[in-house]
>>> print(open('upload10.txt').read())   # compact mmCIF, C-alpha atoms
# COMPACT_ATOMS: atom_id res chain seq x y z
CA MET A 1 153.23 92.69 81.34
CA THR A 2 153.33 96.50 81.24
CA LEU A 3 150.17 98.25 82.34
CA SER A 4 149.60 101.49 80.43
CA ILE A 5 147.90 103.98 82.71
CA PRO A 6 146.69 107.43 81.67
CA SER A 7 148.10 110.17 83.90
CA LEU A 8 144.55 110.91 85.06
CA LEU A 9 144.56 107.54 86.87
CA SER A 10 148.20 107.32 87.97
CA SER A 11 147.53 108.27 91.60
CA LEU A 12 144.98 105.46 91.95
CA SER A 13 147.14 102.82 90.32
CA SER A 14 149.70 102.75 93.12
CA ALA A 15 149.40 100.00 95.66
CA GLY A 16 146.54 100.59 98.04
CA ASN A 17 145.43 104.02 96.80
CA ALA A 18 142.39 102.70 94.94
CA ILE A 19 141.37 100.56 97.91
CA LYS A 20 141.78 103.57 100.23
CA SER A 21 139.68 105.66 97.86
CA ILE A 22 136.86 103.08 97.90
CA ASN A 23 137.12 102.83 101.70
CA ASP A 24 136.79 106.60 102.04
CA TRP A 25 133.77 106.61 99.71
CA TRP A 26 132.28 103.59 101.53
CA LYS A 27 132.55 105.36 104.92
CA LYS A 28 130.52 108.30 103.58
CA SER A 29 127.85 106.09 102.01
CA ARG A 30 124.75 104.40 103.34
CA GLY A 31 122.41 101.59 102.39
CA ASP A 32 122.49 100.21 98.87
CA THR A 33 125.40 102.39 97.79
CA ARG A 34 127.45 101.16 100.72
CA ALA A 35 126.67 97.51 99.90
CA LEU A 36 127.62 98.03 96.24
CA LEU A 37 130.88 99.75 97.17
CA GLY A 38 131.79 96.94 99.58
CA GLU A 39 131.36 94.44 96.77
CA LEU A 40 133.35 96.59 94.34
CA LYS A 41 136.14 96.95 96.92
CA ASP A 42 136.37 93.21 97.47
CA ASN A 43 136.45 92.59 93.72
CA LEU A 44 139.20 95.17 93.26
CA ILE A 45 141.27 93.57 96.03
CA TYR A 46 141.06 90.20 94.27
CA LEU A 47 141.83 91.71 90.86
CA GLU A 48 144.80 93.61 92.34
CA MET A 49 146.14 90.33 93.72
CA VAL A 50 146.06 88.89 90.22
CA GLY A 51 147.25 91.95 88.32
CA ARG A 52 149.87 93.26 90.72
CA ASP A 53 150.86 90.44 93.05
CA GLY A 54 150.89 87.52 90.62
CA VAL A 55 148.21 85.46 92.35
CA PRO A 56 146.73 83.00 89.83
CA LEU A 57 143.30 83.96 88.54
CA ALA A 58 142.13 80.44 89.38
CA ALA A 59 142.67 81.21 93.07
CA VAL A 60 140.29 84.20 93.11
CA ILE A 61 137.77 83.64 90.29
CA ASP A 62 135.17 82.08 92.60
CA LYS A 63 135.58 84.89 95.11
CA LEU A 64 134.60 87.64 92.64
CA SER A 65 131.02 88.64 93.39
CA LEU A 66 128.24 90.52 91.62
CA LYS A 67 125.39 89.72 94.01
CA GLU A 68 124.82 93.28 95.22
CA TYR A 69 125.10 94.74 91.73
CA GLN A 70 122.65 92.19 90.34
CA ARG A 71 120.24 92.70 93.25
CA LEU A 72 120.27 96.47 92.78
CA ALA A 73 119.91 96.21 89.00
CA LYS A 74 116.91 93.92 89.45
CA GLU A 75 115.36 96.44 91.86
CA GLY A 76 115.83 99.29 89.37
CA PHE A 77 118.52 101.12 91.34
CA ASP A 78 119.73 104.29 89.61
CA PHE A 79 123.49 103.73 89.37
CA ASN A 80 123.92 107.31 88.16
CA GLN A 81 123.17 108.45 91.70
CA LEU A 82 126.78 107.47 92.50
CA LYS A 83 127.67 110.56 90.46
CA ARG A 84 125.26 112.39 88.19
CA GLU A 85 127.82 114.07 85.94
CA ILE A 86 129.29 112.45 82.84
CA ILE A 87 132.90 111.26 82.74
CA ILE A 88 135.24 114.09 81.82
CA ALA A 89 137.18 114.05 78.55
CA ASP A 90 140.62 114.30 80.13
CA PRO A 91 143.45 114.69 77.57
CA SER A 92 145.40 111.84 79.17
CA LEU A 93 142.64 109.42 78.16
CA THR A 94 143.17 110.23 74.46
CA GLY A 95 144.73 107.34 72.63
CA THR A 96 144.03 104.85 75.41
CA ASP A 97 141.41 102.16 75.74
CA LEU A 98 139.61 104.42 78.23
CA GLN A 99 139.02 107.33 75.82
CA TYR A 100 135.68 105.77 74.88
CA TRP A 101 134.33 106.56 78.35
CA ALA A 102 134.64 110.34 78.04
CA GLY A 103 131.12 111.71 77.88
CA LYS A 104 129.48 108.51 79.18
CA ASP A 105 127.57 108.32 82.44
CA THR A 106 128.45 106.56 85.68
CA ALA A 107 125.85 103.82 85.20
CA ALA A 108 127.32 102.82 81.82
CA LEU A 109 130.83 102.51 83.27
CA LEU A 110 129.67 100.52 86.29
CA GLU A 111 127.59 98.24 84.08
CA SER A 112 130.65 97.63 81.90
CA ILE A 113 132.82 96.82 84.92
CA CYS A 114 130.29 94.34 86.26
CA SER A 115 129.66 92.86 82.83
CA LYS A 116 133.39 92.23 82.34
CA ILE A 117 133.70 90.64 85.80
CA ASN A 118 130.73 88.42 84.98
CA GLU A 119 132.26 87.48 81.62
CA LEU A 120 135.51 86.60 83.37
CA LYS A 121 133.63 84.39 85.85
CA LEU A 122 131.80 82.62 83.01
CA ARG A 123 134.66 82.20 80.53
CA TYR A 124 137.68 81.49 82.72
CA PRO A 125 136.61 78.11 84.10
CA LEU A 126 135.83 76.84 80.60
CA GLN A 127 138.57 78.51 78.56
CA LYS A 128 141.46 78.88 80.99
CA ASP A 129 143.67 76.42 79.13
CA ASP A 130 142.80 77.17 75.51
CA GLY A 131 145.84 79.42 75.00
CA ARG A 132 143.92 82.11 73.13
CA GLN A 133 142.72 84.14 76.09
CA ARG A 134 144.83 86.88 77.63
CA TRP A 135 143.50 86.73 81.16
CA GLY A 136 146.01 89.22 82.56
CA VAL A 137 144.96 91.81 80.00
CA ARG A 138 141.30 91.27 80.85
CA VAL A 139 142.00 91.65 84.57
CA ASN A 140 144.02 94.83 84.01
CA ASN A 141 141.31 96.33 81.82
CA ILE A 142 138.75 95.81 84.58
CA ARG A 143 141.15 97.34 87.12
CA LYS A 144 141.61 100.42 84.93
CA LYS A 145 137.85 100.84 84.56
CA ILE A 146 137.43 100.65 88.33
CA TRP A 147 140.17 103.26 88.75
CA LEU A 148 138.37 105.47 86.21
CA LEU A 149 135.12 105.07 88.15
CA LEU A 150 136.88 106.05 91.36
CA LYS A 151 138.54 109.06 89.75
CA HIS A 152 135.25 110.13 88.19
CA THR A 153 133.27 109.90 91.41
CA ARG A 154 136.03 111.54 93.46
CA ASP A 155 136.21 114.69 91.31
>>> encode(input="upload10.txt", output="structure tokens")
Amino acid sequence: MTLSIPSLLSSLSSAGNAIKSINDWWKKSRGDTRALLGELKDNLIYLEMVGRDGVPLAAVIDKLSLKEYQRLAKEGFDFNQLKREIIIADPSLTGTDLQYWAGKDTAALLESICSKINELKLRYPLQKDDGRQRWGVRVNNIRKKIWLLLKHTRD
């Protein structure tokens, strides 16, 4: 399957660059932000195994975690503190499935990422064999959103 990547995200889509970017961000962070980034990094590693390395989703689905995100959401954590500015309307996002995110805030993007991971964890065990689901597409869409989050917070 071909993964269409806007030029804005191309540097993060290469093997290891997104993980390195999260690691760099993680090293500069403390407390709750650091815990959230550690969870996001682990999830991205698992999703990269599926999307890039051909590992079956069944092998990693139970390893995907949202515990830190859910804990912080329950405590009222302000996810916009990861980056206060809105997502830029880069021309390379136009005509892609990521163009919707231009003008949105960091919290909305992170909530979408975590919501899609949660949906994957709920649906896959029950619908993995129904033939109607495109699991690879879902995984790649989550990966692209994580790359967008990294690009947004890095700028």
>>> residues_around(input="upload10.txt", residues="Lys104 of chain A", least_positions_apart="6", cutoff="10 Å", atoms="all atoms listed in the file", output="number ranges by chain")
A: 85-89
>>> closest_residue(input="upload10.txt", among="A:Gly51, A:Gly38, A:Pro91, A:Gly16", to="Lys67 of chain A", atoms="only C-alpha atoms")
A:Gly38
>>> closest_residue(input="upload10.txt", among="A:Glu68, A:Asp53, A:Asp130, A:Glu119", to="Leu37 of chain A", atoms="only C-alpha atoms")
A:Glu68
>>> atom_distance(input="upload10.txt", atom1="atom CA of Asn141 of chain A", atom2="atom CA of Asp62 of chain A")
18.9 Å
>>> closest_residue(input="upload10.txt", among="A:Lys41, A:Cys114, A:Arg34, A:Pro125", to="Ser21 of chain A", atoms="only C-alpha atoms")
A:Lys41
>>> atom_distance(input="upload10.txt", atom1="atom CA of Asp32 of chain A", atom2="atom CA of Leu98 of chain A")
27.1 Å
>>> atom_distance(input="upload10.txt", atom1="atom CA of Leu149 of chain A", atom2="atom CA of Trp135 of chain A")
21.3 Å
>>> build_atoms(input="upload10.txt", residues="segment 102-120 of chain A", atoms="N, CA, C and O atoms", output="PDB file, keeping the file's coordinate frame")
ATOM      1  N   ALA A 102     134.875 108.900  77.930  1.00  0.00           N
ATOM      2  CA  ALA A 102     134.640 110.340  78.040  1.00  0.00           C
ATOM      3  C   ALA A 102     133.256 110.659  77.492  1.00  0.00           C
ATOM      4  O   ALA A 102     132.900 110.234  76.393  1.00  0.00           O
ATOM      5  N   GLY A 103     132.463 111.339  78.289  1.00  0.00           N
ATOM      6  CA  GLY A 103     131.120 111.710  77.880  1.00  0.00           C
ATOM      7  C   GLY A 103     130.048 110.691  78.257  1.00  0.00           C
ATOM      8  O   GLY A 103     128.863 110.937  78.090  1.00  0.00           O
ATOM      9  N   LYS A 104     130.452 109.542  78.753  1.00  0.00           N
ATOM     10  CA  LYS A 104     129.480 108.510  79.180  1.00  0.00           C
ATOM     11  C   LYS A 104     129.095 108.761  80.638  1.00  0.00           C
ATOM     12  O   LYS A 104     129.778 109.459  81.370  1.00  0.00           O
ATOM     13  N   ASP A 105     128.004 108.130  81.055  1.00  0.00           N
ATOM     14  CA  ASP A 105     127.570 108.320  82.440  1.00  0.00           C
ATOM     15  C   ASP A 105     128.113 107.229  83.358  1.00  0.00           C
ATOM     16  O   ASP A 105     128.665 106.222  82.915  1.00  0.00           O
ATOM     17  N   THR A 106     127.950 107.463  84.640  1.00  0.00           N
ATOM     18  CA  THR A 106     128.450 106.560  85.680  1.00  0.00           C
ATOM     19  C   THR A 106     127.839 105.178  85.554  1.00  0.00           C
ATOM     20  O   THR A 106     128.536 104.168  85.690  1.00  0.00           O
ATOM     21  N   ALA A 107     126.547 105.117  85.292  1.00  0.00           N
ATOM     22  CA  ALA A 107     125.850 103.820  85.200  1.00  0.00           C
ATOM     23  C   ALA A 107     126.437 102.964  84.079  1.00  0.00           C
ATOM     24  O   ALA A 107     126.612 101.751  84.256  1.00  0.00           O
ATOM     25  N   ALA A 108     126.761 103.578  82.947  1.00  0.00           N
ATOM     26  CA  ALA A 108     127.320 102.820  81.820  1.00  0.00           C
ATOM     27  C   ALA A 108     128.680 102.228  82.187  1.00  0.00           C
ATOM     28  O   ALA A 108     128.974 101.077  81.860  1.00  0.00           O
ATOM     29  N   LEU A 109     129.506 103.005  82.876  1.00  0.00           N
ATOM     30  CA  LEU A 109     130.830 102.510  83.270  1.00  0.00           C
ATOM     31  C   LEU A 109     130.699 101.391  84.300  1.00  0.00           C
ATOM     32  O   LEU A 109     131.350 100.353  84.171  1.00  0.00           O
ATOM     33  N   LEU A 110     129.854 101.566  85.284  1.00  0.00           N
ATOM     34  CA  LEU A 110     129.670 100.520  86.290  1.00  0.00           C
ATOM     35  C   LEU A 110     129.101  99.251  85.678  1.00  0.00           C
ATOM     36  O   LEU A 110     129.536  98.147  86.003  1.00  0.00           O
ATOM     37  N   GLU A 111     128.159  99.404  84.754  1.00  0.00           N
ATOM     38  CA  GLU A 111     127.590  98.240  84.080  1.00  0.00           C
ATOM     39  C   GLU A 111     128.673  97.505  83.288  1.00  0.00           C
ATOM     40  O   GLU A 111     128.717  96.272  83.283  1.00  0.00           O
ATOM     41  N   SER A 112     129.570  98.246  82.657  1.00  0.00           N
ATOM     42  CA  SER A 112     130.650  97.630  81.900  1.00  0.00           C
ATOM     43  C   SER A 112     131.608  96.871  82.825  1.00  0.00           C
ATOM     44  O   SER A 112     132.025  95.756  82.512  1.00  0.00           O
ATOM     45  N   ILE A 113     131.940  97.472  83.946  1.00  0.00           N
ATOM     46  CA  ILE A 113     132.820  96.820  84.920  1.00  0.00           C
ATOM     47  C   ILE A 113     132.208  95.490  85.361  1.00  0.00           C
ATOM     48  O   ILE A 113     132.854  94.444  85.328  1.00  0.00           O
ATOM     49  N   CYS A 114     130.950  95.542  85.759  1.00  0.00           N
ATOM     50  CA  CYS A 114     130.290  94.340  86.260  1.00  0.00           C
ATOM     51  C   CYS A 114     130.083  93.305  85.154  1.00  0.00           C
ATOM     52  O   CYS A 114     130.209  92.100  85.395  1.00  0.00           O
ATOM     53  N   SER A 115     129.811  93.764  83.962  1.00  0.00           N
ATOM     54  CA  SER A 115     129.660  92.860  82.830  1.00  0.00           C
ATOM     55  C   SER A 115     130.972  92.126  82.539  1.00  0.00           C
ATOM     56  O   SER A 115     130.979  90.914  82.268  1.00  0.00           O
ATOM     57  N   LYS A 116     132.081  92.844  82.604  1.00  0.00           N
ATOM     58  CA  LYS A 116     133.390  92.230  82.340  1.00  0.00           C
ATOM     59  C   LYS A 116     133.776  91.263  83.455  1.00  0.00           C
ATOM     60  O   LYS A 116     134.388  90.227  83.192  1.00  0.00           O
ATOM     61  N   ILE A 117     133.443  91.587  84.700  1.00  0.00           N
ATOM     62  CA  ILE A 117     133.700  90.640  85.800  1.00  0.00           C
ATOM     63  C   ILE A 117     132.860  89.390  85.592  1.00  0.00           C
ATOM     64  O   ILE A 117     133.356  88.270  85.739  1.00  0.00           O
ATOM     65  N   ASN A 118     131.600  89.564  85.218  1.00  0.00           N
ATOM     66  CA  ASN A 118     130.730  88.420  84.980  1.00  0.00           C
ATOM     67  C   ASN A 118     131.261  87.568  83.823  1.00  0.00           C
ATOM     68  O   ASN A 118     131.288  86.335  83.907  1.00  0.00           O
ATOM     69  N   GLU A 119     131.697  88.207  82.763  1.00  0.00           N
ATOM     70  CA  GLU A 119     132.260  87.480  81.620  1.00  0.00           C
ATOM     71  C   GLU A 119     133.495  86.688  82.036  1.00  0.00           C
ATOM     72  O   GLU A 119     133.676  85.542  81.629  1.00  0.00           O
ATOM     73  N   LEU A 120     134.328  87.284  82.859  1.00  0.00           N
ATOM     74  CA  LEU A 120     135.510  86.600  83.370  1.00  0.00           C
ATOM     75  C   LEU A 120     135.107  85.360  84.170  1.00  0.00           C
ATOM     76  O   LEU A 120     135.670  84.280  83.987  1.00  0.00           O
TER      77      LEU A 120
END
